[in-house]
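Trainee: Below is the structure I would like to discuss, written out as structure tokens.
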Amino acid sequence: MAQSQSVLLVAEGIDTVSTVFINGRAVMGTDNMFVKYTLDVKPFVKPGNNTIQLSFQSATDFAKKQADTYPYTVPPTCTLPVQHGECHVNFIRKEQCSFSWDWGPSFPTQGIWLPIYLTAFRSAVMDMATVEVVPDPRGVSVGWLLKTNTYYNVSTGATVEGVLLVTLEGTAIAERFHLTLSSSNTWAGFDLNVPQSTGVKRWWPNGYGNQTLYDVSFTFTASDGEVTSQRKRIGFRTIELVQDPVSRDPTQGLTFYFRVNDLPIFMKGANWIPPESFLELVTRDQVRTLLQAAVDAHMNIVRVCGVGIYETEDFFDLTDELGLLVFHGMVFCDSLYPTNQEFLDSVKREATYQVRRLTHRPSLLLWTGNNENQDIVDGQRSGENFSVYYKDYVKLYVSTLMPIVNHENPSRPYLISDQSNGKNTTKEGYLDSNPNSEYYGDVHSYQYLVDQWKPDQLLIPRFLTEYGVQAWCLYDTLVPVFQQSDMAYNSSQAVHRQHHPDGVTQIEWEIWRHLDFPPATTPQPERFKRMIYLTLINQAMSIKSETEHYRRHQGSLRDDGRGLTMGALYWQLNDLWQAPTWSSIDYSGRWKMLHYYALKFFSPLLVSPYLDGDFLDVFVVVDQIPTREVRDPRTKRLRFEPMAKVEDIAKSSVEKEDVLELATKVKRAISGVLTVEVYSWHSFKPLRQLTVPYKLTTTAESVYRANVSSMTSQAGCTSGKDCFIRVFLNDESDDVNNWIYVTELRDANLAKANVKITAVREISPRVFTITLTTTAIAPFVWLEAGSIMGRFSDNGFLLVKPSTTVKFSAWRDVDTDVLLEHLSVRSLMDVYN
């Protein structure tokens, strides 16, 4: 170190306001959690032992001081009282949810959350390398371009000659570039041609193909022999956000969907939040488990909104490997923000660093400037500061962030706001008159006042980036943090952890629409367990109904111009504490009923029945097959059509060796036989069964429609209270099935089903089959494994046979007898007996 010309202190993540001391001398201040700080501390170090010390300032005190000295109020000043949080989080560049949120506690952390280290060098070393993969301007059929940038730390006053070697590993492509660097010239940018003859394979989202990845290595050798290198893992794929007129009628708006490798893709996914309040506790295995659960549920996308952090290298390594696209927001969420020069300068450093850091990631879909901040500005229209807030909004997201993204990562889309009208937002002066328009962009939809088990009043937008319903975490997840006296739905601890306004009564009201509550005489904690179970049912059925509704509208337009819905991302995938939230996987990693339902409502082949007034309408929906856009020659109305011909698939962007396999897959997906059954709740044998052949012309189509009263009466069902309808595709063993009730379940004449676990058989130390028997048809059969962590192959299901078998996959080796001791099962009627 003593012979080095420079000694750099590198801090990749400091949370948040601190002073850094070297050997007792203050050398640097920090005030942004999302900036990598680098300082040459050569003048401050000495031979032998040295000390690095960080002195932190309270994040809440700093935020308050910034707000108090600002010339005007920037709303919101504080979190809602029900969130038990802190104030002025918008004045400090740190994780926004750390001051509390409606799904998390207030833990305003401070400390070192990413690596901090010293690096010494003589002349120049590489600091960062970026790669942007784009099609050759002459077309992908010709090849690709790797647009590379390298950034260097150069010793003060030095002029350094050197050679940069850039290699696409696994191929013959390698280029050498001669560089002359100085303290005023620390950047070099070069393009590498990757001809089609190289034979590189494309990267595809989950369900559409392989996630083929390649390493690009950068090695810089200075003239004095000093060598530094970096490696970036890339994927070859194209992404385009398509916002075109949906028809000849301009009032019907624009599309909003993504072409990946030239194919339109329906985006299926959920929203991601930090999995821990204390970020240093997050492990790669923990992130992998959660993201693998998303893949298991057929998701191809996760959304990271501005409430958390710019996600980590571990996170993106895994999304790249698993084929999960990432809809990523800058860290600005549900607030207005200051725009003084000091704040904007900090934001510029933050955005430049983070965009450069993630440019090479094939899974990164796009950037958004903020989450829902349009609504905050719009809420100030009648106030005296509206013009100031509007100018600040444009200054931050249009004048500051947009140029950085467009310069650093021009091939990726940038949306000013998430929940916006997309391209139409610019026409409206960057502030939408209706950011939840069904005719433009993406929407957030939380319609708590409507019956979410039924689609009648739901929106039919172009793209959903948020929608959700709350449910409690599982009872066993509460055991480590609740005392026995807390184990009640309305206990002070339970109410304290409900951070959503009116959330306690709201969940009760949602349940009461469809189901009865447990008897008041049921002793605690059993009554709490039953209430938790009911919240899980309500959440699962609500999001099932809503998601299927959106998928049914993906293939074509309605006459009023609504439809072509091409994305459904529910809020939220995961949790960061034990509480009632919108997640489908709770804090412990246990799957709620919702996640088991996602396995089916996001299935590549979906059969979806719903009641349209007095009629049953059954849709078949397909995806994960080659699809193309087709327009009616007269109306110019757009629809999405499966590629049914081998020659059409061959002309698309799929790998040539996959064409025949995909053609077979398409054929199986778009044609088959629908079976419709009418059941009595009191018999395992259907009262009536009919079969209907179908062949789809779009990716979502009605294949059967009939009057419900006629169906049930012809089946001999005297009352809707006694019957339900079940549907499945092709062979029943394919497990593409669904069901719908005719009368609200709270009014239905359900039989008392006695569901039992009758056998557990070990397949391996972590995989078991569980045999269930029942004395009657049982809705919402729910298995739990107590303290043994793992997941079931199916759960929360309708049991229509006297027996069935479910697989359990444990996270760790477990003895069969131990598992049997911890297993439990219940169904709906157990709540009332």
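By convention in this document, the chains of the structure tokens carry letters A, B, ... by their order, each chain's residues are numbered from 1, and ligands are numbered from 1 in the order they are shown.
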Applying 12 Å and only C-alpha atoms, which residues near Tyr390 (chain A) remain after dropping the ones on its own chain fewer than 3 positions away? List them as a ChimeraX atom specification.
Mentor: /A:74,336-339,373-381,383-387,393-398,429-432
Trainee: Can you tell me, as a VMD selection string, what residues are no more than 12 Å from Trp113 (chain A) when counting only C-alpha atoms, ignoring any on the same chain fewer than 2 positions away?
Mentor: chain A and resid 11 to 16 33 to 36 94 to 95 109 to 111 115 to 116 277 to 282 309 312
Trainee: Go ahead and save the residues from that selection, with N, CA and C atoms, as an mmCIF file, in the first residue's frame.
Mentor:
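Dumped everything to part-v6.cif:
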data_model
loop_
_atom_site.group_PDB
_atom_site.id
_atom_site.type_symbol
_atom_site.label_atom_id
_atom_site.label_comp_id
_atom_site.auth_asym_id
_atom_site.auth_seq_id
_atom_site.Cartn_x
_atom_site.Cartn_y
_atom_site.Cartn_z
ATOM 1 N N ALA A 11 -16.999 2.552 -0.590
ATOM 2 C CA ALA A 11 -18.164 2.179 0.226
ATOM 3 C C ALA A 11 -19.335 1.976 -0.721
ATOM 4 N N GLU A 12 -19.733 0.719 -0.902
ATOM 5 C CA GLU A 12 -20.783 0.409 -1.872
ATOM 6 C C GLU A 12 -22.181 0.695 -1.337
ATOM 7 N N GLY A 13 -22.337 0.791 -0.026
ATOM 8 C CA GLY A 13 -23.658 1.082 0.517
ATOM 9 C C GLY A 13 -23.588 1.505 1.959
ATOM 10 N N ILE A 14 -23.835 2.792 2.223
ATOM 11 C CA ILE A 14 -23.874 3.312 3.595
ATOM 12 C C ILE A 14 -25.264 3.879 3.839
ATOM 13 N N ASP A 15 -25.882 3.457 4.907
ATOM 14 C CA ASP A 15 -27.253 3.824 5.240
ATOM 15 C C ASP A 15 -27.245 4.648 6.530
ATOM 16 N N THR A 16 -27.360 5.964 6.424
ATOM 17 C CA THR A 16 -27.404 6.793 5.235
ATOM 18 C C THR A 16 -26.541 8.032 5.478
ATOM 19 N N MET A 33 -28.133 6.444 0.510
ATOM 20 C CA MET A 33 -27.989 5.005 0.690
ATOM 21 C C MET A 33 -27.688 4.277 -0.619
ATOM 22 N N PHE A 34 -27.974 4.917 -1.759
ATOM 23 C CA PHE A 34 -27.926 4.242 -3.049
ATOM 24 C C PHE A 34 -26.749 4.676 -3.919
ATOM 25 N N VAL A 35 -25.777 5.339 -3.331
ATOM 26 C CA VAL A 35 -24.607 5.810 -4.061
ATOM 27 C C VAL A 35 -23.390 5.013 -3.616
ATOM 28 N N LYS A 36 -22.525 4.670 -4.563
ATOM 29 C CA LYS A 36 -21.228 4.091 -4.206
ATOM 30 C C LYS A 36 -20.247 5.244 -4.020
ATOM 31 N N LYS A 94 -32.978 7.232 1.290
ATOM 32 C CA LYS A 94 -32.823 5.893 1.846
ATOM 33 C C LYS A 94 -34.079 5.096 1.517
ATOM 34 N N GLU A 95 -34.055 3.844 1.847
ATOM 35 C CA GLU A 95 -35.192 2.957 1.624
ATOM 36 C C GLU A 95 -36.457 3.594 2.203
ATOM 37 N N THR A 109 -33.333 2.165 9.755
ATOM 38 C CA THR A 109 -32.016 1.570 9.937
ATOM 39 C C THR A 109 -30.894 2.572 9.650
ATOM 40 N N GLN A 110 -29.729 2.298 10.194
ATOM 41 C CA GLN A 110 -28.530 3.025 9.816
ATOM 42 C C GLN A 110 -27.329 2.122 10.036
ATOM 43 N N GLY A 111 -26.349 2.251 9.147
ATOM 44 C CA GLY A 111 -25.164 1.414 9.241
ATOM 45 C C GLY A 111 -24.601 1.093 7.875
ATOM 46 N N PRO A 115 -20.673 -3.862 1.080
ATOM 47 C CA PRO A 115 -19.242 -3.909 1.406
ATOM 48 C C PRO A 115 -18.559 -2.544 1.420
ATOM 49 N N ILE A 116 -17.578 -2.417 2.315
ATOM 50 C CA ILE A 116 -16.710 -1.248 2.367
ATOM 51 C C ILE A 116 -15.273 -1.779 2.436
ATOM 52 N N SER A 277 -36.545 -6.188 7.020
ATOM 53 C CA SER A 277 -36.393 -4.770 7.391
ATOM 54 C C SER A 277 -34.918 -4.406 7.532
ATOM 55 N N PHE A 278 -34.113 -5.361 7.963
ATOM 56 C CA PHE A 278 -32.676 -5.155 8.117
ATOM 57 C C PHE A 278 -31.990 -5.873 6.956
ATOM 58 N N LEU A 279 -31.572 -5.100 5.965
ATOM 59 C CA LEU A 279 -31.173 -5.657 4.670
ATOM 60 C C LEU A 279 -29.972 -6.579 4.759
ATOM 61 N N GLU A 280 -29.110 -6.368 5.738
ATOM 62 C CA GLU A 280 -27.941 -7.228 5.845
ATOM 63 C C GLU A 280 -28.318 -8.660 6.228
ATOM 64 N N LEU A 281 -29.555 -8.878 6.674
ATOM 65 C CA LEU A 281 -30.010 -10.222 7.016
ATOM 66 C C LEU A 281 -30.465 -11.018 5.799
ATOM 67 N N VAL A 282 -30.684 -10.342 4.662
ATOM 68 C CA VAL A 282 -31.174 -11.028 3.466
ATOM 69 C C VAL A 282 -30.081 -11.948 2.925
ATOM 70 N N ILE A 309 -35.469 -0.736 -2.449
ATOM 71 C CA ILE A 309 -34.102 -0.422 -2.841
ATOM 72 C C ILE A 309 -33.935 -0.718 -4.328
ATOM 73 N N THR A 312 -30.322 -5.943 -5.516
ATOM 74 C CA THR A 312 -28.931 -6.337 -5.353
ATOM 75 C C THR A 312 -28.442 -7.210 -6.505
#
Trainee: So that I can check the secondary structure, give me every residue of region 389-435 of chain A assigned strand (DSSP E or B) by backbone DSSP, as a list in words.
Mentor: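 Filtering region 389-435 of chain A down to strand (DSSP E or B) leaves Tyr414, Leu415, Asp418 and Ser420 of chain A.
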Trainee: Restricting the calculation to only C-alpha atoms, which member of A:Val20, A:Leu263, A:Val676, A:Val347 is positioned closest to Lys651 (chain A)?
Mentor: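 Among the listed residues, A:Leu263 lies closest to Lys651 (chain A).
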Trainee: Residues at most 8 Å from Asp586 (chain A), counting only C-alpha atoms, excluding those fewer than 3 positions away in the same chain, as an MDAnalysis selection string?
Mentor: chainID A and resid 473:474 477 574:575 577:578 583 589:592
Trainee: Skip Gly563 (chain A) itself and residues of its chain fewer than 4 positions away, then list as a count of residues only all residues within 9 Å of it, counting only C-alpha atoms.
Mentor: 13
Trainee: Please, which residues of region 339-414 of chain A, numbered as in this document, come out alpha helix (DSSP H) from DSSP, as an MDAnalysis selection string?
Mentor: chainID A and resid 341:358 373:378 386:394 402:408
Trainee: Could you pull the residues within 10 Å of Val621 (chain A), counting only C-alpha atoms, minus those fewer than 5 positions along the same chain, as a ChimeraX atom specification?
Mentor: /A:548,551-555,602-608,669-670,696,698-702
Trainee: Keeping N, CA, C and O atoms, export the residues of the selection given above as a PDB file, in the first residue's frame.
Mentor:
ATOM      1  N   GLU A 548     -58.054 -14.000 -13.368  1.00  0.00           N
ATOM      2  CA  GLU A 548     -58.702 -14.674 -14.494  1.00  0.00           C
ATOM      3  C   GLU A 548     -59.466 -13.672 -15.356  1.00  0.00           C
ATOM      4  O   GLU A 548     -59.489 -13.792 -16.589  1.00  0.00           O
ATOM      5  N   ARG A 551     -56.932 -12.029 -17.567  1.00  0.00           N
ATOM      6  CA  ARG A 551     -56.434 -12.938 -18.603  1.00  0.00           C
ATOM      7  C   ARG A 551     -57.497 -13.203 -19.667  1.00  0.00           C
ATOM      8  O   ARG A 551     -57.164 -13.402 -20.848  1.00  0.00           O
ATOM      9  N   ARG A 552     -58.772 -13.207 -19.284  1.00  0.00           N
ATOM     10  CA  ARG A 552     -59.829 -13.425 -20.277  1.00  0.00           C
ATOM     11  C   ARG A 552     -59.887 -12.296 -21.303  1.00  0.00           C
ATOM     12  O   ARG A 552     -60.383 -12.479 -22.411  1.00  0.00           O
ATOM     13  N   HIS A 553     -59.365 -11.121 -20.925  1.00  0.00           N
ATOM     14  CA  HIS A 553     -59.447  -9.965 -21.831  1.00  0.00           C
ATOM     15  C   HIS A 553     -58.143  -9.693 -22.574  1.00  0.00           C
ATOM     16  O   HIS A 553     -57.952  -8.600 -23.109  1.00  0.00           O
ATOM     17  N   GLN A 554     -57.259 -10.687 -22.653  1.00  0.00           N
ATOM     18  CA  GLN A 554     -55.981 -10.439 -23.296  1.00  0.00           C
ATOM     19  C   GLN A 554     -56.031 -10.568 -24.818  1.00  0.00           C
ATOM     20  O   GLN A 554     -55.222  -9.970 -25.524  1.00  0.00           O
ATOM     21  N   GLY A 555     -56.971 -11.336 -25.340  1.00  0.00           N
ATOM     22  CA  GLY A 555     -56.894 -11.689 -26.753  1.00  0.00           C
ATOM     23  C   GLY A 555     -57.427 -10.661 -27.719  1.00  0.00           C
ATOM     24  O   GLY A 555     -56.974 -10.573 -28.860  1.00  0.00           O
ATOM     25  N   PHE A 602     -52.284 -18.652 -13.132  1.00  0.00           N
ATOM     26  CA  PHE A 602     -51.227 -18.239 -14.051  1.00  0.00           C
ATOM     27  C   PHE A 602     -50.766 -19.396 -14.948  1.00  0.00           C
ATOM     28  O   PHE A 602     -49.771 -19.267 -15.658  1.00  0.00           O
ATOM     29  N   SER A 603     -51.485 -20.514 -14.909  1.00  0.00           N
ATOM     30  CA  SER A 603     -51.090 -21.659 -15.718  1.00  0.00           C
ATOM     31  C   SER A 603     -51.077 -21.289 -17.196  1.00  0.00           C
ATOM     32  O   SER A 603     -51.914 -20.502 -17.659  1.00  0.00           O
ATOM     33  N   PRO A 604     -50.132 -21.837 -17.980  1.00  0.00           N
ATOM     34  CA  PRO A 604     -50.087 -21.520 -19.417  1.00  0.00           C
ATOM     35  C   PRO A 604     -51.378 -21.864 -20.156  1.00  0.00           C
ATOM     36  O   PRO A 604     -51.695 -21.251 -21.168  1.00  0.00           O
ATOM     37  N   LEU A 605     -52.109 -22.864 -19.656  1.00  0.00           N
ATOM     38  CA  LEU A 605     -53.416 -23.215 -20.212  1.00  0.00           C
ATOM     39  C   LEU A 605     -54.437 -23.096 -19.094  1.00  0.00           C
ATOM     40  O   LEU A 605     -54.339 -23.788 -18.080  1.00  0.00           O
ATOM     41  N   LEU A 606     -55.390 -22.195 -19.265  1.00  0.00           N
ATOM     42  CA  LEU A 606     -56.360 -21.873 -18.213  1.00  0.00           C
ATOM     43  C   LEU A 606     -57.769 -22.072 -18.733  1.00  0.00           C
ATOM     44  O   LEU A 606     -58.105 -21.624 -19.838  1.00  0.00           O
ATOM     45  N   VAL A 607     -58.601 -22.741 -17.948  1.00  0.00           N
ATOM     46  CA  VAL A 607     -60.033 -22.762 -18.210  1.00  0.00           C
ATOM     47  C   VAL A 607     -60.687 -21.911 -17.133  1.00  0.00           C
ATOM     48  O   VAL A 607     -60.452 -22.103 -15.934  1.00  0.00           O
ATOM     49  N   SER A 608     -61.476 -20.924 -17.559  1.00  0.00           N
ATOM     50  CA  SER A 608     -61.965 -19.900 -16.628  1.00  0.00           C
ATOM     51  C   SER A 608     -63.459 -19.667 -16.800  1.00  0.00           C
ATOM     52  O   SER A 608     -63.898 -18.998 -17.739  1.00  0.00           O
ATOM     53  N   ALA A 669     -52.447 -26.665 -27.414  1.00  0.00           N
ATOM     54  CA  ALA A 669     -52.984 -25.608 -26.566  1.00  0.00           C
ATOM     55  C   ALA A 669     -54.272 -25.012 -27.120  1.00  0.00           C
ATOM     56  O   ALA A 669     -55.191 -24.692 -26.358  1.00  0.00           O
ATOM     57  N   ILE A 670     -54.362 -24.861 -28.439  1.00  0.00           N
ATOM     58  CA  ILE A 670     -55.471 -24.084 -28.994  1.00  0.00           C
ATOM     59  C   ILE A 670     -56.684 -24.932 -29.351  1.00  0.00           C
ATOM     60  O   ILE A 670     -57.731 -24.389 -29.707  1.00  0.00           O
ATOM     61  N   LEU A 696     -59.342 -22.429 -30.629  1.00  0.00           N
ATOM     62  CA  LEU A 696     -59.184 -21.006 -30.404  1.00  0.00           C
ATOM     63  C   LEU A 696     -58.653 -20.301 -31.653  1.00  0.00           C
ATOM     64  O   LEU A 696     -57.803 -20.832 -32.368  1.00  0.00           O
ATOM     65  N   THR A 698     -58.061 -16.764 -31.024  1.00  0.00           N
ATOM     66  CA  THR A 698     -57.261 -15.770 -30.304  1.00  0.00           C
ATOM     67  C   THR A 698     -56.731 -16.430 -29.034  1.00  0.00           C
ATOM     68  O   THR A 698     -57.068 -17.574 -28.728  1.00  0.00           O
ATOM     69  N   THR A 699     -55.916 -15.700 -28.275  1.00  0.00           N
ATOM     70  CA  THR A 699     -55.284 -16.299 -27.095  1.00  0.00           C
ATOM     71  C   THR A 699     -56.233 -16.415 -25.912  1.00  0.00           C
ATOM     72  O   THR A 699     -55.880 -17.021 -24.901  1.00  0.00           O
ATOM     73  N   ALA A 700     -57.423 -15.829 -26.008  1.00  0.00           N
ATOM     74  CA  ALA A 700     -58.425 -15.947 -24.939  1.00  0.00           C
ATOM     75  C   ALA A 700     -59.798 -15.866 -25.582  1.00  0.00           C
ATOM     76  O   ALA A 700     -60.129 -14.872 -26.219  1.00  0.00           O
ATOM     77  N   GLU A 701     -60.608 -16.923 -25.403  1.00  0.00           N
ATOM     78  CA  GLU A 701     -61.883 -16.992 -26.110  1.00  0.00           C
ATOM     79  C   GLU A 701     -62.932 -17.714 -25.291  1.00  0.00           C
ATOM     80  O   GLU A 701     -62.617 -18.681 -24.580  1.00  0.00           O
ATOM     81  N   SER A 702     -64.181 -17.273 -25.424  1.00  0.00           N
ATOM     82  CA  SER A 702     -65.298 -18.009 -24.847  1.00  0.00           C
ATOM     83  C   SER A 702     -65.562 -19.239 -25.705  1.00  0.00           C
ATOM     84  O   SER A 702     -65.706 -19.134 -26.924  1.00  0.00           O
TER      85      SER A 702
END
Trainee: Go through A:Phe327, A:Trp144, A:Trp101, A:Tyr37 one by one, measure the shortest atom-to-atom distance of each to Val307 (chain A) using only C-alpha atoms, and give the residue with the smallest value.
Mentor: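 Closest candidate: A:Trp101.
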Trainee: Grab the CA of Glu510 (chain A) to CA of Met531 (chain A) distance for me, in Å with one decimal place.
Mentor: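 We find that CA of Glu510 (chain A) and CA of Met531 (chain A) lie 12.3 Å from each other.
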Trainee: Hey, can you check how far CA of Ala778 (chain A) sits from CA of Val678 (chain A)?
Mentor: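 Between CA of Ala778 (chain A) and CA of Val678 (chain A) the gap is 15.4 Å.
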Trainee: Quote the spacing between CA of Arg93 (chain A) and CA of Ala59 (chain A) in Å to one decimal place.
Mentor: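 According to the coordinates, CA of Arg93 (chain A) and CA of Ala59 (chain A) are separated by 9.7 Å.
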Trainee: I'd like the neighbourhood of Thr51 (chain A) as JSON, numbers by chain, where a residue qualifies if any of its atoms comes within 7 Å (using only C-alpha atoms), though same-chain residues fewer than 2 positions away should be ignored.
Mentor: {"A": [22, 23, 49, 53]}
Trainee: Could you take the residues named above and write them with all heavy atoms, as a compact mmCIF listing (two decimals), in the first residue's frame?
Mentor:
# COMPACT_ATOMS: atom_id res chain seq x y z
N ILE A 22 -10.71 8.54 8.80
CA ILE A 22 -9.52 7.72 8.63
C ILE A 22 -8.50 8.18 9.67
O ILE A 22 -8.10 9.35 9.69
CB ILE A 22 -8.91 7.85 7.22
CG1 ILE A 22 -9.92 7.44 6.15
CG2 ILE A 22 -7.62 7.03 7.10
CD1 ILE A 22 -10.20 5.96 6.09
N ASN A 23 -8.11 7.27 10.53
CA ASN A 23 -7.15 7.60 11.58
C ASN A 23 -7.56 8.85 12.36
O ASN A 23 -6.76 9.72 12.67
CB ASN A 23 -5.74 7.78 11.00
CG ASN A 23 -5.21 6.49 10.41
OD1 ASN A 23 -5.47 5.41 10.92
ND2 ASN A 23 -4.47 6.59 9.31
N ASN A 49 -0.82 -0.07 11.23
CA ASN A 49 -2.26 -0.15 11.49
C ASN A 49 -2.93 1.18 11.20
O ASN A 49 -2.40 2.25 11.53
CB ASN A 49 -2.52 -0.54 12.94
CG ASN A 49 -2.06 -1.96 13.24
OD1 ASN A 49 -2.08 -2.81 12.35
ND2 ASN A 49 -1.63 -2.21 14.47
N GLN A 53 -13.45 4.69 10.71
CA GLN A 53 -14.56 4.83 11.65
C GLN A 53 -15.67 5.61 10.98
O GLN A 53 -15.42 6.59 10.26
CB GLN A 53 -14.09 5.57 12.90
CG GLN A 53 -15.13 5.66 14.00
CD GLN A 53 -14.57 6.38 15.23
OE1 GLN A 53 -13.66 7.19 15.11
NE2 GLN A 53 -15.10 6.07 16.38
Trainee: Find the residues around Val326 (chain A) up to 9 Å (only C-alpha atoms counted), leave out those fewer than 5 positions away in its own chain, and share them as a ChimeraX atom specification.
Mentor: /A:300-304,316,319,363-366
Trainee: Save the residues we just selected, N, CA and C atoms, as a PDB file, in the first residue's frame?
Mentor:
ATOM      1  N   ASN A 300     -43.540 -14.726 -15.105  1.00  0.00           N
ATOM      2  CA  ASN A 300     -42.421 -14.344 -15.955  1.00  0.00           C
ATOM      3  C   ASN A 300     -41.909 -12.943 -15.644  1.00  0.00           C
ATOM      4  N   ILE A 301     -42.434 -12.342 -14.568  1.00  0.00           N
ATOM      5  CA  ILE A 301     -42.055 -10.971 -14.239  1.00  0.00           C
ATOM      6  C   ILE A 301     -42.265 -10.720 -12.747  1.00  0.00           C
ATOM      7  N   VAL A 302     -41.407  -9.901 -12.160  1.00  0.00           N
ATOM      8  CA  VAL A 302     -41.628  -9.332 -10.831  1.00  0.00           C
ATOM      9  C   VAL A 302     -41.409  -7.828 -10.940  1.00  0.00           C
ATOM     10  N   ARG A 303     -42.120  -7.107 -10.114  1.00  0.00           N
ATOM     11  CA  ARG A 303     -42.001  -5.641 -10.134  1.00  0.00           C
ATOM     12  C   ARG A 303     -41.357  -5.175  -8.835  1.00  0.00           C
ATOM     13  N   VAL A 304     -40.351  -4.313  -8.983  1.00  0.00           N
ATOM     14  CA  VAL A 304     -39.683  -3.689  -7.848  1.00  0.00           C
ATOM     15  C   VAL A 304     -40.030  -2.208  -7.912  1.00  0.00           C
ATOM     16  N   PHE A 316     -30.512  -9.935  -9.023  1.00  0.00           N
ATOM     17  CA  PHE A 316     -30.488  -9.931 -10.483  1.00  0.00           C
ATOM     18  C   PHE A 316     -29.780 -11.154 -11.058  1.00  0.00           C
ATOM     19  N   THR A 319     -32.783 -13.493 -11.094  1.00  0.00           N
ATOM     20  CA  THR A 319     -33.814 -13.207 -12.104  1.00  0.00           C
ATOM     21  C   THR A 319     -33.288 -13.484 -13.506  1.00  0.00           C
ATOM     22  N   SER A 363     -32.627  -9.526 -17.589  1.00  0.00           N
ATOM     23  CA  SER A 363     -33.947  -9.565 -16.953  1.00  0.00           C
ATOM     24  C   SER A 363     -34.524  -8.182 -16.683  1.00  0.00           C
ATOM     25  N   LEU A 364     -33.711  -7.144 -16.751  1.00  0.00           N
ATOM     26  CA  LEU A 364     -34.223  -5.797 -16.459  1.00  0.00           C
ATOM     27  C   LEU A 364     -35.076  -5.320 -17.630  1.00  0.00           C
ATOM     28  N   LEU A 365     -36.361  -5.127 -17.383  1.00  0.00           N
ATOM     29  CA  LEU A 365     -37.328  -4.803 -18.437  1.00  0.00           C
ATOM     30  C   LEU A 365     -37.351  -3.316 -18.752  1.00  0.00           C
ATOM     31  N   LEU A 366     -37.498  -2.501 -17.725  1.00  0.00           N
ATOM     32  CA  LEU A 366     -37.606  -1.058 -17.930  1.00  0.00           C
ATOM     33  C   LEU A 366     -37.326  -0.332 -16.628  1.00  0.00           C
TER      34      LEU A 366
END
Trainee: Considering only C-alpha atoms, can you say which of A:Gln419, A:Thr581, A:Ser247, A:Thr359 comes closest to Trp472 (chain A)?
Mentor: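 Smallest distance to Trp472 (chain A) is found for A:Thr581.
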